[in-house]
Amino acid sequence: MPVDHLALALALAVTVRHDGHGGVADDLAAPEGLTAWVRQHERALAEYGFVTADEGADSADPADPADPAMLAAAVGVRTALRALFARAVLPGAPSKADAGRLPDAAAALERLNAAAARVPVTHRLAWPADGPPAAGYAVAGRHTPADLLAAALARAGMAFLAGPDRARLRACPAPRCVRYFVQAHARQEWCKPSCGNRARVARHHARQRARTADDPN
């Protein structure tokens, strides 16, 4: 099965999300959050060269929550990716979580390229006996888990941004939502149905307030 770079890049970006109480939550605010996220996406990460210690990393546990360098690496790539997502959705508005918090597109691009360059790779072809062939990456040399993670995330982001799905990227305009999503069809406005319901309720209340203001009696 080929790697889903769209899912991995988007999954990293939406670790910044609405917290359900009018604020913004960060799933990578603590090392334990990164550990859970890496384990959830370990197969896709492996396709981009994030390998375990047994496969050549220098740490006994590449998702060790005690490693602050890994957390900094993931958050750094996420920041660059969200800045480039903001560029990709133009002339639409970016995520409301990003206002005034992101580097400009040129700096984000430099950061993403630098992250990918932290680990040199070669392309490889895997062809299991019970499945179809799939192209992937082989890591050259030994590298820290932080470098492996940063490079894998950057490569996934590059593949998405350079691919055809970028044109369908949107920032959800629903009240309080801060998620990016990729349109499944041209009429999709919201990242999920609950956001559409919340937006319709907000519009209804706004119309009621406008009518009350126009006719105070």
# chains A, B, ... in the order shown; residues from 1 in each chain; ligands from 1

$ residues_around --residues "Leu153 (chain A)" --least-positions-apart "3" --cutoff "9 Å" --atoms "only C-alpha atoms" --output "PyMOL selection string"
chain A and resi 8-9+12+45+48+50+74+77-78+112+115-116+148-150+156-158

$ write_last_selection --atoms "N, CA, C and O atoms" --output "PDB file, in the first residue's frame"
ATOM      1  N   LEU A   8      -0.581  12.157   6.409  1.00  0.00           N
ATOM      2  CA  LEU A   8       0.470  12.424   7.383  1.00  0.00           C
ATOM      3  C   LEU A   8       0.700  13.921   7.534  1.00  0.00           C
ATOM      4  O   LEU A   8       0.802  14.432   8.661  1.00  0.00           O
ATOM      5  N   ALA A   9       0.789  14.655   6.443  1.00  0.00           N
ATOM      6  CA  ALA A   9       1.000  16.099   6.526  1.00  0.00           C
ATOM      7  C   ALA A   9      -0.170  16.788   7.211  1.00  0.00           C
ATOM      8  O   ALA A   9       0.001  17.671   8.063  1.00  0.00           O
ATOM      9  N   LEU A  12      -0.319  16.109  10.994  1.00  0.00           N
ATOM     10  CA  LEU A  12       0.605  16.944  11.762  1.00  0.00           C
ATOM     11  C   LEU A  12       0.037  18.346  11.932  1.00  0.00           C
ATOM     12  O   LEU A  12       0.058  18.905  13.034  1.00  0.00           O
ATOM     13  N   LEU A  45       5.275   7.200   8.898  1.00  0.00           N
ATOM     14  CA  LEU A  45       6.574   7.800   9.198  1.00  0.00           C
ATOM     15  C   LEU A  45       7.717   6.901   8.711  1.00  0.00           C
ATOM     16  O   LEU A  45       8.728   7.391   8.197  1.00  0.00           O
ATOM     17  N   TYR A  48       8.727   7.341   5.186  1.00  0.00           N
ATOM     18  CA  TYR A  48       9.531   8.534   4.901  1.00  0.00           C
ATOM     19  C   TYR A  48      10.884   8.522   5.602  1.00  0.00           C
ATOM     20  O   TYR A  48      11.574   9.531   5.623  1.00  0.00           O
ATOM     21  N   PHE A  50      11.627   7.526   8.973  1.00  0.00           N
ATOM     22  CA  PHE A  50      11.714   7.552  10.432  1.00  0.00           C
ATOM     23  C   PHE A  50      11.727   6.111  10.915  1.00  0.00           C
ATOM     24  O   PHE A  50      10.706   5.440  10.968  1.00  0.00           O
ATOM     25  N   ALA A  74       9.487  18.176  15.809  1.00  0.00           N
ATOM     26  CA  ALA A  74       8.138  18.020  15.263  1.00  0.00           C
ATOM     27  C   ALA A  74       7.401  19.352  15.234  1.00  0.00           C
ATOM     28  O   ALA A  74       6.748  19.690  14.237  1.00  0.00           O
ATOM     29  N   VAL A  77       8.735  21.640  12.379  1.00  0.00           N
ATOM     30  CA  VAL A  77       8.217  21.298  11.053  1.00  0.00           C
ATOM     31  C   VAL A  77       6.742  21.660  10.957  1.00  0.00           C
ATOM     32  O   VAL A  77       6.285  22.178   9.930  1.00  0.00           O
ATOM     33  N   ARG A  78       5.990  21.433  12.014  1.00  0.00           N
ATOM     34  CA  ARG A  78       4.563  21.795  11.994  1.00  0.00           C
ATOM     35  C   ARG A  78       4.374  23.292  11.781  1.00  0.00           C
ATOM     36  O   ARG A  78       3.501  23.712  11.014  1.00  0.00           O
ATOM     37  N   LEU A 112      11.484  24.160   6.146  1.00  0.00           N
ATOM     38  CA  LEU A 112      11.065  22.830   5.709  1.00  0.00           C
ATOM     39  C   LEU A 112      12.185  22.130   4.933  1.00  0.00           C
ATOM     40  O   LEU A 112      12.472  20.954   5.156  1.00  0.00           O
ATOM     41  N   ALA A 115      14.901  21.023   7.315  1.00  0.00           N
ATOM     42  CA  ALA A 115      14.519  19.837   8.088  1.00  0.00           C
ATOM     43  C   ALA A 115      14.702  18.572   7.254  1.00  0.00           C
ATOM     44  O   ALA A 115      15.214  17.555   7.741  1.00  0.00           O
ATOM     45  N   ALA A 116      14.301  18.621   5.997  1.00  0.00           N
ATOM     46  CA  ALA A 116      14.467  17.450   5.129  1.00  0.00           C
ATOM     47  C   ALA A 116      15.934  17.114   4.919  1.00  0.00           C
ATOM     48  O   ALA A 116      16.307  15.937   4.793  1.00  0.00           O
ATOM     49  N   LEU A 148      15.760  12.237  12.387  1.00  0.00           N
ATOM     50  CA  LEU A 148      14.966  11.317  11.573  1.00  0.00           C
ATOM     51  C   LEU A 148      13.510  11.764  11.506  1.00  0.00           C
ATOM     52  O   LEU A 148      12.888  11.731  10.442  1.00  0.00           O
ATOM     53  N   LEU A 149      12.978  12.185  12.645  1.00  0.00           N
ATOM     54  CA  LEU A 149      11.579  12.605  12.679  1.00  0.00           C
ATOM     55  C   LEU A 149      11.383  13.891  11.886  1.00  0.00           C
ATOM     56  O   LEU A 149      10.441  14.003  11.084  1.00  0.00           O
ATOM     57  N   ALA A 150      12.248  14.872  12.094  1.00  0.00           N
ATOM     58  CA  ALA A 150      12.122  16.140  11.365  1.00  0.00           C
ATOM     59  C   ALA A 150      12.179  15.919   9.859  1.00  0.00           C
ATOM     60  O   ALA A 150      11.370  16.474   9.102  1.00  0.00           O
ATOM     61  N   ALA A 156       7.152  14.399   4.010  1.00  0.00           N
ATOM     62  CA  ALA A 156       5.715  14.199   3.831  1.00  0.00           C
ATOM     63  C   ALA A 156       5.020  15.510   3.488  1.00  0.00           C
ATOM     64  O   ALA A 156       4.149  15.561   2.619  1.00  0.00           O
ATOM     65  N   GLY A 157       5.422  16.584   4.164  1.00  0.00           N
ATOM     66  CA  GLY A 157       4.846  17.886   3.855  1.00  0.00           C
ATOM     67  C   GLY A 157       5.160  18.350   2.448  1.00  0.00           C
ATOM     68  O   GLY A 157       4.293  18.892   1.743  1.00  0.00           O
ATOM     69  N   MET A 158       6.385  18.121   2.014  1.00  0.00           N
ATOM     70  CA  MET A 158       6.774  18.497   0.650  1.00  0.00           C
ATOM     71  C   MET A 158       5.953  17.738  -0.383  1.00  0.00           C
ATOM     72  O   MET A 158       5.503  18.310  -1.385  1.00  0.00           O
TER      73      MET A 158
END

$ select_by_dssp --residues "region 130-199 of chain A" --states "helix (DSSP H, G or I)" --output "number ranges by chain"
A: 145-161, 164-168, 193-199

$ closest_residue --among "A:Leu28, A:Ala88, A:Ala167, A:Ala159" --to "Ala7 (chain A)" --atoms "only C-alpha atoms"
A:Ala159

$ closest_residue --among "A:Arg43, A:Arg170, A:Arg111, A:Arg101" --to "Leu10 (chain A)" --atoms "only C-alpha atoms"
A:Arg170

$ select_by_dssp --residues "region 65-179 of chain A" --states "strand (DSSP E)" --output "VMD selection string"
chain A and resid 121 to 126 134 to 139 169 to 171

$ write_last_selection --atoms "C-alpha atoms" --output "PDB file, in the first residue's frame"
ATOM      1  CA  VAL A 121      18.149   9.329   1.986  1.00  0.00           C
ATOM      2  CA  THR A 122      18.112   7.168  -1.086  1.00  0.00           C
ATOM      3  CA  HIS A 123      15.020   5.904  -2.827  1.00  0.00           C
ATOM      4  CA  ARG A 124      14.275   2.208  -2.455  1.00  0.00           C
ATOM      5  CA  LEU A 125      11.724  -0.219  -3.818  1.00  0.00           C
ATOM      6  CA  ALA A 126      10.053  -2.718  -1.501  1.00  0.00           C
ATOM      7  CA  ALA A 134       6.004   0.326  -3.192  1.00  0.00           C
ATOM      8  CA  ALA A 135       8.616   3.072  -3.446  1.00  0.00           C
ATOM      9  CA  GLY A 136      10.077   4.486  -0.268  1.00  0.00           C
ATOM     10  CA  TYR A 137      13.224   5.876   1.336  1.00  0.00           C
ATOM     11  CA  ALA A 138      16.326   4.277   2.817  1.00  0.00           C
ATOM     12  CA  VAL A 139      18.241   6.326   5.360  1.00  0.00           C
ATOM     13  CA  LEU A 169      -6.755  22.527   0.909  1.00  0.00           C
ATOM     14  CA  ARG A 170      -9.016  24.828   2.931  1.00  0.00           C
ATOM     15  CA  ALA A 171      -9.118  26.447   6.375  1.00  0.00           C
TER      16      ALA A 171
END

$ residues_around --residues "Gly23 (chain A)" --least-positions-apart "5" --cutoff "12 Å" --atoms "only C-alpha atoms" --output "PDB file with C-alpha atoms, in the first residue's frame"
ATOM      1  CA  VAL A  16      -3.407  22.369  16.592  1.00  0.00           C
ATOM      2  CA  ARG A  17      -7.188  22.254  17.024  1.00  0.00           C
ATOM      3  CA  HIS A  18     -10.235  23.741  18.725  1.00  0.00           C
ATOM      4  CA  LYS A  96      -7.615  31.514  12.857  1.00  0.00           C
ATOM      5  CA  ALA A  97      -5.089  29.829  15.161  1.00  0.00           C
ATOM      6  CA  PRO A 175     -16.844  29.658  14.418  1.00  0.00           C
ATOM      7  CA  ARG A 176     -14.028  28.643  16.769  1.00  0.00           C
ATOM      8  CA  CYS A 177     -12.651  25.981  14.386  1.00  0.00           C
ATOM      9  CA  VAL A 178      -8.936  26.236  13.562  1.00  0.00           C
TER      10      VAL A 178
END

$ closest_residue --among "A:Gln188, A:Pro128, A:Leu84, A:Leu90" --to "Leu161 (chain A)" --atoms "only C-alpha atoms"
A:Leu84

$ residues_around --residues "Ala105 (chain A)" --least-positions-apart "2" --cutoff "10 Å" --atoms "only C-alpha atoms" --output "PyMOL selection string"
chain A and resi 80-88+102-103+107-111

$ residues_around --residues "Trp190 (chain A)" --least-positions-apart "2" --cutoff "12 Å" --atoms "only C-alpha atoms" --output "mmCIF file with C-alpha atoms, in the first residue's frame"
data_model
loop_
_atom_site.group_PDB
_atom_site.id
_atom_site.type_symbol
_atom_site.label_atom_id
_atom_site.label_comp_id
_atom_site.auth_asym_id
_atom_site.auth_seq_id
_atom_site.Cartn_x
_atom_site.Cartn_y
_atom_site.Cartn_z
ATOM 1 C CA LEU A 169 -6.755 22.527 0.909
ATOM 2 C CA ARG A 170 -9.016 24.828 2.931
ATOM 3 C CA ALA A 171 -9.118 26.447 6.375
ATOM 4 C CA CYS A 172 -12.427 25.650 8.059
ATOM 5 C CA PRO A 173 -14.404 28.928 8.425
ATOM 6 C CA ALA A 174 -16.738 27.663 11.177
ATOM 7 C CA PRO A 175 -16.844 29.658 14.418
ATOM 8 C CA CYS A 177 -12.651 25.981 14.386
ATOM 9 C CA VAL A 178 -8.936 26.236 13.562
ATOM 10 C CA ARG A 179 -8.526 23.095 11.443
ATOM 11 C CA TYR A 180 -7.302 22.721 7.883
ATOM 12 C CA PHE A 181 -8.955 20.127 5.685
ATOM 13 C CA VAL A 182 -8.847 18.840 2.111
ATOM 14 C CA GLN A 183 -12.152 19.111 0.254
ATOM 15 C CA ALA A 184 -13.716 15.772 -0.603
ATOM 16 C CA HIS A 185 -15.927 17.541 -3.187
ATOM 17 C CA ALA A 186 -16.314 21.061 -4.553
ATOM 18 C CA ARG A 187 -19.344 21.915 -2.377
ATOM 19 C CA GLN A 188 -17.691 21.012 0.935
ATOM 20 C CA LYS A 192 -16.794 18.122 9.425
ATOM 21 C CA PRO A 193 -20.621 18.250 9.711
ATOM 22 C CA SER A 194 -20.599 19.575 13.280
ATOM 23 C CA CYS A 195 -18.738 22.669 12.083
ATOM 24 C CA GLY A 196 -21.377 23.219 9.403
ATOM 25 C CA ASN A 197 -24.127 22.951 12.020
ATOM 26 C CA ARG A 198 -22.350 25.414 14.289
ATOM 27 C CA ALA A 199 -21.880 27.875 11.417
ATOM 28 C CA ARG A 200 -25.566 27.690 10.471
#

$ atom_distance --atom1 "CA of Pro91 (chain A)" --atom2 "CA of Arg168 (chain A)"
12.9 Å
